[in-house]
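S.K.: File coords.csv follows (CSV, C-alpha atoms):
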chain,number,residue,atom,x,y,z
A,1311,ALA,CA,-6.7,-11.0,11.4
A,1312,GLN,CA,-3.4,-10.0,10.1
A,1313,LYS,CA,-0.9,-7.6,11.6
A,1314,ILE,CA,2.3,-6.1,10.4
A,1315,THR,CA,4.8,-4.4,12.9
A,1316,GLN,CA,7.6,-2.2,11.8
A,1317,THR,CA,9.5,-1.1,14.9
A,1318,GLN,CA,11.9,1.4,13.3
A,1319,PRO,CA,10.2,4.7,12.6
A,1320,GLY,CA,13.5,6.1,11.2
A,1321,MET,CA,16.8,4.7,10.0
A,1322,PHE,CA,20.0,6.3,8.7
A,1323,VAL,CA,22.6,4.7,6.5
A,1324,GLN,CA,25.7,5.9,4.8
A,1325,GLU,CA,25.8,5.9,1.0
A,1326,LYS,CA,27.1,2.6,-0.4
A,1327,GLU,CA,26.5,0.7,2.8
A,1328,ALA,CA,23.9,-2.0,3.4
A,1329,VAL,CA,20.8,-1.5,5.6
A,1330,THR,CA,18.2,-3.8,7.1
A,1331,LEU,CA,14.6,-2.7,7.6
A,1332,ASP,CA,12.7,-4.8,10.1
A,1333,CYS,CA,9.3,-6.3,9.6
A,1334,THR,CA,7.4,-8.8,11.8
A,1335,TYR,CA,4.0,-10.1,11.1
A,1336,ASP,CA,1.2,-12.1,12.7
A,1337,THR,CA,-1.4,-14.2,10.9
A,1338,SER,CA,-3.3,-17.4,11.4
A,1339,ASP,CA,-3.3,-18.1,7.6
A,1340,GLN,CA,-1.1,-20.9,6.4
A,1341,SER,CA,-0.6,-19.4,3.0
A,1342,TYR,CA,0.3,-15.8,2.7
A,1343,GLY,CA,2.4,-13.3,0.8
A,1344,LEU,CA,4.7,-10.6,2.1
A,1345,PHE,CA,5.5,-7.4,0.1
A,1346,TRP,CA,7.7,-4.4,0.5
A,1347,TYR,CA,6.8,-1.0,-1.0
A,1348,LYS,CA,8.8,2.2,-1.3
A,1349,GLN,CA,7.1,5.6,-1.0
A,1350,PRO,CA,9.2,8.6,-2.0
A,1351,SER,CA,8.3,12.1,-0.9
A,1352,SER,CA,6.1,12.4,-4.0
A,1353,GLY,CA,3.7,9.9,-2.5
A,1354,GLU,CA,3.4,7.1,-5.1
A,1355,MET,CA,3.9,3.5,-3.8
A,1356,ILE,CA,6.5,1.5,-5.7
A,1357,PHE,CA,6.5,-2.3,-5.4
A,1358,LEU,CA,9.9,-3.7,-4.5
A,1359,ILE,CA,9.8,-7.3,-3.7
A,1360,TYR,CA,7.6,-10.3,-2.8
A,1361,GLN,CA,8.0,-13.4,-0.7
A,1362,GLY,CA,5.5,-16.2,-0.6
A,1363,SER,CA,5.1,-18.2,2.7
A,1364,TYR,CA,5.9,-21.4,1.0
A,1365,ASP,CA,8.9,-20.1,-0.9
A,1366,GLU,CA,12.0,-21.9,0.3
A,1367,GLN,CA,14.4,-19.3,-1.1
A,1368,ASN,CA,14.7,-15.8,0.1
A,1369,ALA,CA,13.5,-13.4,-2.6
A,1370,THR,CA,15.9,-11.1,-4.3
A,1371,GLU,CA,15.4,-8.2,-6.8
A,1372,GLY,CA,18.5,-6.4,-7.8
A,1373,ARG,CA,19.8,-4.6,-4.7
A,1374,TYR,CA,16.8,-5.7,-2.6
A,1375,SER,CA,16.6,-8.9,-0.8
A,1376,LEU,CA,14.1,-10.2,1.7
A,1377,ASN,CA,15.4,-12.1,4.8
A,1378,PHE,CA,12.4,-14.4,5.5
A,1379,GLN,CA,12.4,-16.3,8.8
A,1380,LYS,CA,9.1,-18.0,8.9
A,1381,ALA,CA,9.5,-19.4,12.4
A,1382,ARG,CA,10.2,-16.0,13.8
A,1383,LYS,CA,7.5,-14.4,11.6
A,1384,SER,CA,9.9,-11.9,10.2
A,1385,ALA,CA,10.4,-10.5,6.7
A,1386,ASN,CA,13.2,-8.0,6.9
A,1387,LEU,CA,14.2,-6.0,3.8
A,1388,VAL,CA,17.9,-5.7,3.0
A,1389,ILE,CA,19.1,-2.9,0.7
A,1390,SER,CA,22.7,-3.4,-0.4
A,1391,ALA,CA,24.9,-0.5,-1.6
A,1392,SER,CA,22.5,2.2,-0.6
A,1393,GLN,CA,22.1,5.2,-2.9
A,1394,LEU,CA,20.8,8.7,-2.2
A,1395,GLY,CA,17.7,7.9,-4.2
A,1396,ASP,CA,16.8,5.1,-1.7
A,1397,SER,CA,15.8,7.8,0.8
A,1398,ALA,CA,12.1,7.2,1.2
A,1399,MET,CA,9.4,5.6,3.4
A,1400,TYR,CA,9.4,1.8,3.3
A,1401,PHE,CA,6.3,-0.3,4.0
A,1402,CYS,CA,6.0,-3.9,4.7
A,1403,ALA,CA,2.6,-5.5,3.8
A,1404,MET,CA,1.0,-8.9,3.7
A,1405,ARG,CA,-2.1,-10.6,2.3
A,1406,ARG,CA,-3.7,-14.0,2.4
A,1407,VAL,CA,-2.9,-16.2,-0.6
A,1408,GLY,CA,-5.9,-18.0,-2.1
A,1409,GLY,CA,-9.5,-17.0,-2.0
A,1410,SER,CA,-11.0,-13.9,-3.5
A,1411,ALA,CA,-9.7,-11.4,-1.0
A,1412,ARG,CA,-6.5,-9.8,-2.1
A,1413,GLN,CA,-6.4,-6.7,0.0
A,1414,LEU,CA,-3.1,-5.8,1.8
A,1415,THR,CA,-2.4,-5.1,5.4
A,1416,PHE,CA,0.3,-2.5,5.9
A,1417,GLY,CA,2.8,-1.7,8.6
A,1418,SER,CA,3.4,1.8,9.9
A,1419,GLY,CA,6.5,2.2,7.8
A,1420,THR,CA,10.2,3.1,8.3
A,1421,GLN,CA,11.6,6.4,7.0
A,1422,LEU,CA,15.1,5.7,5.5
A,1423,THR,CA,17.6,8.5,5.0
A,1424,VAL,CA,20.7,7.8,3.1
A,1425,LEU,CA,23.6,10.1,4.0
A,1426,PRO,CA,26.2,11.2,1.5
B,1373,ASP,CA,1.2,3.4,-21.1
B,1374,GLY,CA,-0.8,1.3,-18.6
B,1375,GLY,CA,-1.4,2.6,-15.2
B,1376,ILE,CA,-3.7,4.2,-12.6
B,1377,THR,CA,-4.6,7.9,-12.7
B,1378,GLN,CA,-6.0,9.9,-9.8
B,1379,SER,CA,-7.1,13.4,-10.1
B,1380,PRO,CA,-6.6,16.0,-8.9
B,1381,LYS,CA,-3.3,15.7,-7.1
B,1382,TYR,CA,-4.4,18.4,-4.5
B,1383,LEU,CA,-8.0,19.0,-3.5
B,1384,PHE,CA,-9.3,21.6,-1.1
B,1385,ARG,CA,-12.8,21.6,0.3
B,1386,LYS,CA,-14.9,23.4,3.0
B,1387,GLU,CA,-16.1,21.4,5.9
B,1388,GLY,CA,-19.6,20.0,5.3
B,1389,GLN,CA,-19.2,19.4,1.6
B,1390,ASN,CA,-19.0,16.1,-0.1
B,1391,VAL,CA,-16.1,15.5,-2.4
B,1392,THR,CA,-15.5,12.8,-5.0
B,1393,LEU,CA,-12.0,11.5,-5.8
B,1394,SER,CA,-11.5,9.9,-9.1
B,1395,CYS,CA,-9.5,6.7,-9.9
B,1396,GLU,CA,-9.1,5.3,-13.4
B,1397,GLN,CA,-7.1,2.3,-14.5
B,1398,ASN,CA,-6.3,0.9,-17.9
B,1399,LEU,CA,-4.6,-2.2,-16.7
B,1400,ASN,CA,-7.7,-4.4,-17.2
B,1401,HIS,CA,-7.5,-5.3,-13.5
B,1402,ASP,CA,-10.6,-6.7,-11.8
B,1403,ALA,CA,-9.9,-5.6,-8.2
B,1404,MET,CA,-9.6,-2.0,-7.1
B,1405,TYR,CA,-8.9,-0.5,-3.7
B,1406,TRP,CA,-9.0,2.8,-1.8
B,1407,TYR,CA,-6.6,3.5,1.0
B,1408,ARG,CA,-6.2,6.4,3.4
B,1409,GLN,CA,-2.8,7.5,4.7
B,1410,ASP,CA,-2.3,10.0,7.5
B,1411,PRO,CA,1.1,11.7,8.1
B,1412,GLY,CA,3.8,9.3,9.3
B,1413,GLN,CA,1.5,6.4,9.2
B,1414,GLY,CA,0.7,3.3,7.1
B,1415,LEU,CA,-2.1,2.8,4.7
B,1416,ARG,CA,-5.6,1.8,5.9
B,1417,LEU,CA,-8.2,0.2,3.7
B,1418,ILE,CA,-11.4,2.2,3.1
B,1419,TYR,CA,-13.2,0.1,0.4
B,1420,TYR,CA,-12.4,-2.5,-2.2
B,1421,SER,CA,-14.1,-3.9,-5.2
B,1422,GLN,CA,-13.4,-7.3,-6.7
B,1423,ILE,CA,-15.7,-7.0,-9.7
B,1424,VAL,CA,-18.0,-4.4,-11.4
B,1425,ASN,CA,-21.1,-3.5,-9.4
B,1426,ASP,CA,-19.8,-5.1,-6.2
B,1427,PHE,CA,-17.7,-3.6,-3.4
B,1428,GLN,CA,-16.9,-4.3,0.3
B,1429,LYS,CA,-16.1,-2.1,3.3
B,1430,GLY,CA,-12.6,-2.1,4.5
B,1431,ASP,CA,-11.3,-1.2,8.0
B,1432,ILE,CA,-12.3,2.5,8.0
B,1433,ALA,CA,-15.4,2.8,5.7
B,1434,GLU,CA,-17.4,5.1,7.9
B,1435,GLY,CA,-18.0,8.5,6.2
B,1436,TYR,CA,-17.0,7.2,2.7
B,1437,SER,CA,-18.9,5.8,-0.2
B,1438,VAL,CA,-17.9,4.2,-3.5
B,1439,SER,CA,-19.3,3.0,-6.8
B,1440,ARG,CA,-18.0,0.6,-9.4
B,1441,GLU,CA,-20.1,0.9,-12.6
B,1442,LYS,CA,-17.2,0.3,-14.9
B,1443,LYS,CA,-14.2,-2.0,-14.6
B,1444,GLU,CA,-11.9,1.0,-15.2
B,1445,SER,CA,-13.3,3.4,-12.7
B,1446,PHE,CA,-13.6,3.3,-8.9
B,1447,PRO,CA,-14.5,6.8,-7.5
B,1448,LEU,CA,-14.5,7.5,-3.8
B,1449,THR,CA,-16.8,10.0,-2.2
B,1450,VAL,CA,-15.8,11.6,1.1
B,1451,THR,CA,-19.0,12.6,2.7
B,1452,SER,CA,-19.6,15.3,5.4
B,1453,ALA,CA,-20.1,12.4,7.8
B,1454,GLN,CA,-16.3,11.7,7.7
B,1455,LYS,CA,-15.1,13.4,10.9
B,1456,ASN,CA,-11.5,13.9,9.9
B,1457,PRO,CA,-11.2,13.8,6.1
B,1458,THR,CA,-7.9,15.6,5.6
B,1459,ALA,CA,-5.5,12.9,4.4
B,1460,PHE,CA,-3.6,11.4,1.5
B,1461,TYR,CA,-5.8,9.0,-0.5
B,1462,LEU,CA,-4.3,6.3,-2.6
B,1463,CYS,CA,-6.1,4.1,-5.2
B,1464,ALA,CA,-4.8,0.7,-6.2
B,1465,SER,CA,-5.6,-2.2,-8.4
B,1466,THR,CA,-4.6,-5.9,-8.6
B,1467,GLY,CA,-4.2,-8.2,-11.5
B,1468,THR,CA,-4.7,-12.0,-11.4
B,1469,SER,CA,-1.3,-13.2,-12.4
B,1470,GLY,CA,2.1,-13.3,-10.8
B,1471,TYR,CA,2.4,-12.0,-7.2
B,1472,ASP,CA,-0.9,-10.1,-7.5
B,1473,GLU,CA,1.0,-7.1,-6.3
B,1474,GLN,CA,-1.0,-3.9,-6.0
B,1475,TYR,CA,-0.3,-1.1,-8.5
B,1476,PHE,CA,-0.9,2.3,-7.0
B,1477,GLY,CA,-2.0,5.6,-8.4
B,1478,PRO,CA,-0.1,8.9,-7.6
B,1479,GLY,CA,-2.6,9.8,-4.8
B,1480,THR,CA,-4.8,12.7,-4.0
B,1481,ARG,CA,-4.0,15.0,-1.1
B,1482,LEU,CA,-7.3,16.2,0.4
B,1483,THR,CA,-7.5,19.2,2.7
B,1484,VAL,CA,-10.8,20.1,4.4
B,1485,THR,CA,-11.0,23.3,6.3
Once more with this new file: its structure as C-alpha cells, please.
M.R.:
Amino acid sequence: AQKITQTQPGMFVQEKEAVTLDCTYDTSDQSYGLFWYKQPSSGEMIFLIYQGSYDEQNATEGRYSLNFQKARKSANLVISASQLGDSAMYFCAMRRVGGSARQLTFGSGTQLTVLP
Amino acid sequence: DGGITQSPKYLFRKEGQNVTLSCEQNLNHDAMYWYRQDPGQGLRLIYYSQIVNDFQKGDIAEGYSVSREKKESFPLTVTSAQKNPTAFYLCASTGTSGYDEQYFGPGTRLTVT
C-alpha cells in the first residue's frame, strides 16, 4: 500500500519569497512517480510537477522545483518568488510506475496563503 | 480544445434519491477515474476504469456505481446506499505517454439534504 503524508495543514508566505511544502511518502514499490497538484478555490486540480523514483536530478518547472530525497522518502515542493495567485491548496500524490494500475494516492493537502 | 467536462457544477438532491454525475473526455485517454473530496481533505478514489466495459473499485466504492460503455464517458451514480454523499466529486483521465499525469475535470459539488 502507498501512503502520502503532508504535515502542514496551512502555510503563509510573503509575496516574492520562497516557500517549501513538505511531503513524505511510504511505499514498498521500487519504481514510482511523485506528483504535485494545485487546487485553487474554484476546485479544479492543476498538475504542477513530476518526479520519477529513478530520476537522478530534481525536477523543475518554472518557479516550481521538487526537492527529492529518496532515502528520507520525501518529495518537498519549493515555490520560488511567490505570487498572490499561488494561494491555493497543494496536494502531493504518488503512483506505482509500471503495470496497468495508474491510480494516484493523495495526501491531505497544504493550504498556502500568499500575503501581499 | 481537449479536456474533461463534468456537469453540472452544482447538484442538489433529496436523501434517498439516486443521482448520476457525468464525466466526458475528448483526450482519447483509456483510463478514467472518480475521486471524492471532503472539505479540507485529500482525494479518495471511488472507481477507475482502464478500458471500455471494464472498471474496478477504489478505496471507497460502497454506495457508488459506474459504467464505461464508451471510451469518452464514465458516469458515476451515487446511490441511496451511500451514507454521506455530500461532497465534491472529481473525474480524471490518464494518457499513456509522458508522466501519465492525471487530467482533471472541473468537479461537481453534490449536496444531499
S.K.: Considering only C-alpha atoms, state which residue in the set A:Phe1345, A:Phe1401, A:Phe1322, A:Tyr1335 is at the smallest distance from Ala1369 in chain A.
M.R.: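 Result for the nearest residue to Ala1369 in chain A: A:Phe1345.
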S.K.: Give the residues of chain B that lie within 8 Å of chain A; count only C-alpha atoms, and format the answer as a PyMOL selection string.
M.R.: chain B and resi 1405+1412-1416+1420+1422+1466+1471-1479
S.K.: For Glu1387 in chain B, please output as a compact mmCIF listing (two decimals) with C-alpha atoms, in the coordinates of the input all residues within 7 Å (counting only C-alpha atoms; exclusion window: fewer than 2 positions along the same chain).
M.R.:
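Contents of the output file result.txt:
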# COMPACT_ATOMS: atom_id res chain seq x y z
CA ARG B 1385 -12.80 21.60 0.30
CA GLN B 1389 -19.20 19.40 1.60
CA VAL B 1484 -10.80 20.10 4.40
CA THR B 1485 -11.00 23.30 6.30
S.K.: Pull the neighbourhood of (17.1, 5.6, -1.6) for me: all residues within 9 Å in file coordinates, counting only C-alpha atoms, as a PyMOL selection string.
M.R.: chain A and resi 1348+1350+1392-1398+1422-1424
S.K.: Grab the CA of Leu1399 in chain B to CA of Gly1374 in chain B distance for me, in Å with one decimal place.
M.R.: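 CA of Leu1399 in chain B sits 5.5 Å away from CA of Gly1374 in chain B.
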S.K.: Hey, what's within 12 Å of Glu1441 in chain B if we count all atoms listed in the file and toss same-chain stuff fewer than 4 positions away? As an MDAnalysis selection string, please?
M.R.: chainID B and resid 1396 1421 1423:1427 1445:1447
S.K.: Could you please take those selected residues and save C-alpha atoms as a PDB file, in the coordinates of the input?
M.R.:
ATOM      1  CA  GLU B1396      -9.100   5.300 -13.400  1.00  0.00           C
ATOM      2  CA  SER B1421     -14.100  -3.900  -5.200  1.00  0.00           C
ATOM      3  CA  ILE B1423     -15.700  -7.000  -9.700  1.00  0.00           C
ATOM      4  CA  VAL B1424     -18.000  -4.400 -11.400  1.00  0.00           C
ATOM      5  CA  ASN B1425     -21.100  -3.500  -9.400  1.00  0.00           C
ATOM      6  CA  ASP B1426     -19.800  -5.100  -6.200  1.00  0.00           C
ATOM      7  CA  PHE B1427     -17.700  -3.600  -3.400  1.00  0.00           C
ATOM      8  CA  SER B1445     -13.300   3.400 -12.700  1.00  0.00           C
ATOM      9  CA  PHE B1446     -13.600   3.300  -8.900  1.00  0.00           C
ATOM     10  CA  PRO B1447     -14.500   6.800  -7.500  1.00  0.00           C
TER      11      PRO B1447
END
S.K.: In Å to one decimal, how far is CA of Gly1430 in chain B from CA of Tyr1382 in chain B?
M.R.: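 Those two atoms sit 23.8 Å apart.
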S.K.: Might you pull out every residue within 9 Å of Asp1332 in chain A, with only C-alpha atoms counted and same-chain residues fewer than 2 positions away left off, and present them as a VMD selection string?
M.R.: chain A and resid 1315 to 1318 1330 1334 1384 to 1388 1402 1420
S.K.: If we count all atoms listed in the file and set the cut-off at 12 Å, which residues sit around range 1449-1455 of chain B, ignoring sequence neighbours fewer than 3 positions away in its own chain? Please answer as a ChimeraX atom specification.
M.R.: /B:1383,1385-1395,1406,1408,1418-1419,1432-1440,1446,1458-1459,1461,1482-1485
S.K.: Is it possible to get the residues within 10 Å of (1.1, -3.1, -16.9) (coordinates as in the file, counting all atoms listed in the file) written as a count of residues only?
M.R.: 10
S.K.: In Å to one decimal, how far is CA of Leu1462 in chain B from CA of Ser1375 in chain A?
M.R.: 25.9 Å
S.K.: Closest to Asn1377 in chain A among A:Cys1333, A:Ile1314, A:Ala1391, A:Ala1328, using all atoms listed in the file?
M.R.: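 Ranked by minimum distance to Asn1377 in chain A, first place goes to A:Cys1333.
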